[in-house]
Structures are given as C-alpha cells and as structure tokens.
Amino acid sequence: MLEGSIAAAVVGVGYLGKFHAEKYAASAKVKLVAVVDADEKRANEIGASVGTEALTDYRSLFGRVQCVSIAVPTRFHYRVARDFIEAGIDVLVEKPLTADIAEARELVEAAKAKGVILQVGHLERFNPAIRRLEGIIREPKFVECHRLAPFVERGTDVDVVLDLMIHDIDIIASLVRSPVERVEAVGVAVLTDKPDIANARIKFANGCIANVTSSRVSLKRERKIRFFQPDAYISIDYDQRRAQIYHKPAPGAGWLDIRAENIEIKDGDALADEIESFVECVRARTAPVVGGGDGLKALEIASMISSQL
C-alpha cells in the first residue's frame with residue numbers, strides 16, 4: 001500500500017458495486033483491499049477484474065480496512081452497515097439508507113456514537129448539473145420533476161419510490177430546506193407486486209410545492225427537473241447535461257425583457273466524485289456531503305409517499 005493511502009473495500013459487487021470497485025481501484029488515494037460478495041463466482045470475477053482479493057464474508061474485513069462501500073440489496077443495508085459501524089469502520093452505503101425508518105435512525109445514532117462517517121449514496125448530489133446550479137437555485141416555490149426509465153429487474157426488491165424517486169426527494173429536500181407539511185401520492189403496480197409508477201405532491205412548511213413523478217416501466221428514459229422561484233425559472237435535463245435559466249426582468253420591465261441563459265454542463269463522473277469526496281472525508285474526518293441525516297430525511301419523506309400508494 002502506498003504511504004498515506006486509504007484502505008478500502010466494497011461489499012456487494014453486483015451491478016452498482018462493480019462500479020464502486022472500479023472507482024476505488026482507479027484512485028491514487030486508495031488501496032482496494034478486497035471485494036466481497038455472497039456469490040463466490042461473482043466475487044472472484046470482480047476481484048480479478050480490479051486486481052484485488054475476493055471474499056465471501058464481509059466480517060473478515062474487520063481490522064483490515066478504514067472504509068467500505070456497501071452495495072448489497074436494500075434489505076441487508078442495516079445489518080451490514082451496523083456491523084461495520086460497530087467495528088469503527090467508515091461507511092458509504094448505497095441509497096436508500098435502509099428500507100425501514102427505525103433501522104435508519106439506529107444507524108445514524110450508532111455512527112454518531114462511534115464517531116464513524118456514514119455517507120449515503122445519493123448520487124445526484126454529485127451530478128455536474130446540480131453542482132453547477134447549486135448557488136443559483138434559491139427559495140424555489142414550485143418544483144416539477146420527472147424520472148422515467150425502462151423496466152429492469154434490478155432494484156425491484158423495493159417500490160419505485162425507494163428505487164428511483166428517492167433520488168429526486170433528496171435533491172429537492174436539500175434545496176428547499178424546509179420540513180414537509182403534507183404529502184399526497186398515487187401509484188400503480190404494473191410489472192411487479194409493488195408500485196412501479198408513482199406521483200407525489202409534497203407540500204413544504206415554507207409554502208413550496210414539489211410535484212414528483214417516477215416510473216420504471218416507461219418506454220424511454222427521461223430525467224428532468226424544473227424549479228420556479230421568485231427571480232427565475234430553471235430547467236435541468238440530467239441526461240442531456242443541459243440547463244436553461246429564464247431570469248425575471250427588473251421591476252417595471254415587460255415580459256419581452258425576460259433573459260434566457262443556456263448553461264453549459266461539463267462532462268463529469270458523479271460516482272468517481274462521490275467516492276473521492278467520501279475518501280477525503282475519511283482522511284480529513286470531515287462531514288460528508290450526504291450524511292446519514294440526509295439519507296434519513298429522504299427516507300422519511302419517501303416512506304410518507306409509499307404509505308399512500
């Protein structure tokens with residue numbers, strides 16, 4: 001291991017975990033000690049591809065690593081994350097934090113008590129479009145969001161709210177910064193036994209309304225979010241890496257004086273940035289961009305929505 005590098009591992013190397021392993025392996029700041037998967041064949045395959053040890057029991061990592069990414073199925077998040085936190089190991093757990101609010105609260109409290117970093121993998125916080133416009137989006141009054149995707153079997157152990165909508169719930173909550181006052185939601189199960197398409201209307205205490213639609217049974221992929229605020233209308237297309245801002249004219253001016261601005265969004269690697277940020281938090285002992293409290297807040301709002309479906 002290079003002097004000063006962080007000893008890390010990835011637990012669960014399915015679809016998402018594989019990418020985590022690749023990013024750690026490519027980082028000059030990290031020594032990827034091992035990858036872990038209950039499927040020995042999969043563990044060996046990914047371990048060989050990134051040049052590290054393959055394991056089937058995550059507990060064998062205790063005492064060997066400083067931090068881990070956890071990308072196991074959601075129903076195992078609590079147990080695996082809790083064991084690493086109790087062992088004093090910093091954790092980046094994929095979203096949602098857990099499938100159960102009580103378990104999520106326990107993890108947040110345990111991390112605080114142990115002085116362990118708990119980061120939640122809400123990847124859109126590291127999306128170049130969101131990062132570029134963070135300082136421009138201020139006090140939105142209405143938010144409209146669509147996240148549509150074709151059907152894949154991955155992620156169907158939870159409903160579409162915890163699978164897809166929670167990305168947007170986290171983004172909106174982080175920008176509105178106000179408690180949720182009321183939620184109205186509808187959803188339909190189409191290809192699974194859980195809702196596959198859902199719409200939620202979220203009212204925040206400061207008066208902001210968010211209308212959020214998510215589907216995992218659409219014919220085409222779409223990821224767009226629009227913010228309406230007192231001084232501007234902001235439209236972001238995540239997939240096209242494109243954003244437009246329409247600035248409200250000065251007092252006394254007419255609608256023809258509305259100024260349109262196209263924002264260039266540079267290509268980026270949100271997952272690499274997320275992991276780089278996590279590793280830096282581990283090194284410097286600083287709070288993560290998306291901490292356990294943020295993950296808990298998103299889960300609480302998502303649960304309010306799911307309970308109405």
# chains A, B, ... in the order shown; residues from 1 in each chain; ligands from 1
>>> residues_around(residues="A:Leu148", least_positions_apart="2", cutoff="8 Å", atoms="only C-alpha atoms", output="PyMOL selection string")
chain A and resi 146+150+213-218+220-223
>>> write_last_selection(atoms="N, CA and C atoms", output="short mmCIF file (atom, residue, chain, number, x, y, z; two decimals), in the first residue's frame")
data_model
loop_
_atom_site.label_atom_id
_atom_site.label_comp_id
_atom_site.auth_asym_id
_atom_site.auth_seq_id
_atom_site.Cartn_x
_atom_site.Cartn_y
_atom_site.Cartn_z
N HIS A 146 -39.53 14.77 -13.30
CA HIS A 146 -39.86 13.51 -13.96
C HIS A 146 -38.61 12.64 -14.03
N PRO A 150 -36.94 2.64 -18.52
CA PRO A 150 -37.44 1.33 -18.95
C PRO A 150 -37.28 0.32 -17.83
N THR A 213 -42.78 12.79 -10.29
CA THR A 213 -43.26 11.58 -10.96
C THR A 213 -42.09 10.65 -11.25
N SER A 214 -42.24 9.38 -10.92
CA SER A 214 -41.20 8.39 -11.21
C SER A 214 -41.84 7.13 -11.80
N SER A 215 -41.17 6.56 -12.78
CA SER A 215 -41.66 5.33 -13.40
C SER A 215 -40.47 4.45 -13.77
N ARG A 216 -40.62 3.15 -13.55
CA ARG A 216 -39.61 2.20 -14.01
C ARG A 216 -40.19 1.26 -15.06
N VAL A 217 -41.30 1.70 -15.67
CA VAL A 217 -41.94 0.90 -16.71
C VAL A 217 -42.23 1.77 -17.94
N SER A 218 -41.37 2.75 -18.19
CA SER A 218 -41.56 3.63 -19.34
C SER A 218 -40.82 3.11 -20.56
N LYS A 220 -39.16 5.04 -22.69
CA LYS A 220 -37.90 5.76 -22.87
C LYS A 220 -37.45 6.37 -21.54
N ARG A 221 -36.20 6.71 -21.48
CA ARG A 221 -35.59 7.27 -20.28
C ARG A 221 -35.71 8.80 -20.29
N GLU A 222 -36.09 9.35 -19.16
CA GLU A 222 -36.16 10.81 -19.03
C GLU A 222 -35.84 11.19 -17.59
N ARG A 223 -34.98 12.19 -17.43
CA ARG A 223 -34.65 12.69 -16.09
C ARG A 223 -34.56 14.21 -16.17
#
>>> select_by_dssp(residues="stretch 18-140 of chain A", states="strand (DSSP E)", output="list in words")
Val30, Lys31, Leu32, Val33, Ala34, Val35, Val36, Glu53, Ala54, Leu55, Cys67, Val68, Ser69, Ile70, Asp90, Val91, Leu92, Val93, Glu94, Leu118, Gln119, Val120 and Gly121 of chain A
>>> residues_around(residues="A:Glu124", least_positions_apart="2", cutoff="8 Å", atoms="only C-alpha atoms", output="MDAnalysis selection string")
chainID A and resid 122 126:127 130 167:168 171 270
>>> atom_distance(atom1="atom CA of A:Gln229", atom2="atom CA of A:Lys141")
5.3 Å
>>> residues_around(residues="A:Met304", least_positions_apart="3", cutoff="12 Å", atoms="only C-alpha atoms", output="number ranges by chain")
A: 100-101, 161-162, 166, 169, 180-186, 200-203, 297-301, 307-309
>>> residues_around(residues="A:Thr56", least_positions_apart="3", cutoff="12 Å", atoms="only C-alpha atoms", output="JSON, numbers by chain")
{"A": [10, 11, 12, 13, 34, 35, 36, 37, 38, 39, 40, 41, 42, 43, 44, 47, 53, 59, 60, 61]}
>>> select_by_dssp(residues="stretch 131-300 of chain A", states="alpha helix (DSSP H)", output="PyMOL selection string")
chain A and resi 131-133+160+166-176+270-284+292-300
>>> atom_distance(atom1="atom CA of A:Ala302", atom2="atom CA of A:Cys281")
26.9 Å
>>> residues_around(residues="A:Asn262", least_positions_apart="6", cutoff="7 Å", atoms="only C-alpha atoms", output="ChimeraX atom specification")
/A:243-245
>>> write_last_selection(atoms="N, CA, C and O atoms", output="compact mmCIF listing (two decimals), in the first residue's frame")
# COMPACT_ATOMS: atom_id res chain seq x y z
N ALA A 243 -28.99 22.79 -19.25
CA ALA A 243 -29.81 23.58 -18.34
C ALA A 243 -30.10 24.93 -18.95
O ALA A 243 -29.28 25.49 -19.68
N GLN A 244 -31.30 25.42 -18.68
CA GLN A 244 -31.68 26.77 -19.11
C GLN A 244 -32.19 27.54 -17.90
O GLN A 244 -32.85 26.97 -17.02
N ILE A 245 -31.87 28.83 -17.88
CA ILE A 245 -32.38 29.72 -16.85
C ILE A 245 -33.08 30.89 -17.53
O ILE A 245 -32.52 31.51 -18.44
>>> closest_residue(among="A:Ile305, A:Ile136, A:Val290, A:Ile6", to="A:Ala232", atoms="only C-alpha atoms")
A:Ile136
>>> closest_atom_pairs(of="stretch 47-69 of chain A", to="stretch 105-121 of chain A", cutoff="12 Å", atoms="only C-alpha atoms", output="JSON lines")
{"residue": "A:Gln66", "atom": "CA", "partner": "A:Val116", "partner_atom": "CA", "distance": 10.1}
{"residue": "A:Cys67", "atom": "CA", "partner": "A:Ile117", "partner_atom": "CA", "distance": 8.8}
{"residue": "A:Val68", "atom": "CA", "partner": "A:Leu118", "partner_atom": "CA", "distance": 10.2}
{"residue": "A:Ser69", "atom": "CA", "partner": "A:Gly121", "partner_atom": "CA", "distance": 9.1}
>>> residues_around(residues="A:Arg82", least_positions_apart="2", cutoff="10 Å", atoms="only C-alpha atoms", output="PyMOL selection string")
chain A and resi 77-80+84-89+91+103-104+106-108+110-111
>>> atom_distance(atom1="atom CA of A:Pro128", atom2="atom CA of A:Leu175")
15.4 Å
>>> closest_residue(among="A:Ile197, A:Ala129, A:Ser178, A:Asp90", to="A:Ala287", atoms="only C-alpha atoms")
A:Asp90
>>> closest_atom_pairs(of="stretch 89-180 of chain A", to="stretch 14-28 of chain A", cutoff="12 Å", atoms="only C-alpha atoms", output="tab-separated table")
residue	atom	partner	partner_atom	distance
A:Leu92	CA	A:His20	CA	10.3
A:Val93	CA	A:Gly17	CA	10.4
A:Glu94	CA	A:Leu16	CA	8.7
A:Lys95	CA	A:Leu16	CA	10.9
A:Gly121	CA	A:Leu16	CA	10.7
A:Leu123	CA	A:Leu16	CA	11.4
A:Val152	CA	A:Tyr15	CA	11.6
A:Glu153	CA	A:Tyr15	CA	11.3
A:Arg154	CA	A:Tyr15	CA	8.2
A:Gly155	CA	A:Tyr15	CA	10.1
>>> closest_residue(among="A:Ala9, A:Val30, A:Ala205, A:Val188", to="A:Glu276", atoms="only C-alpha atoms")
A:Val30
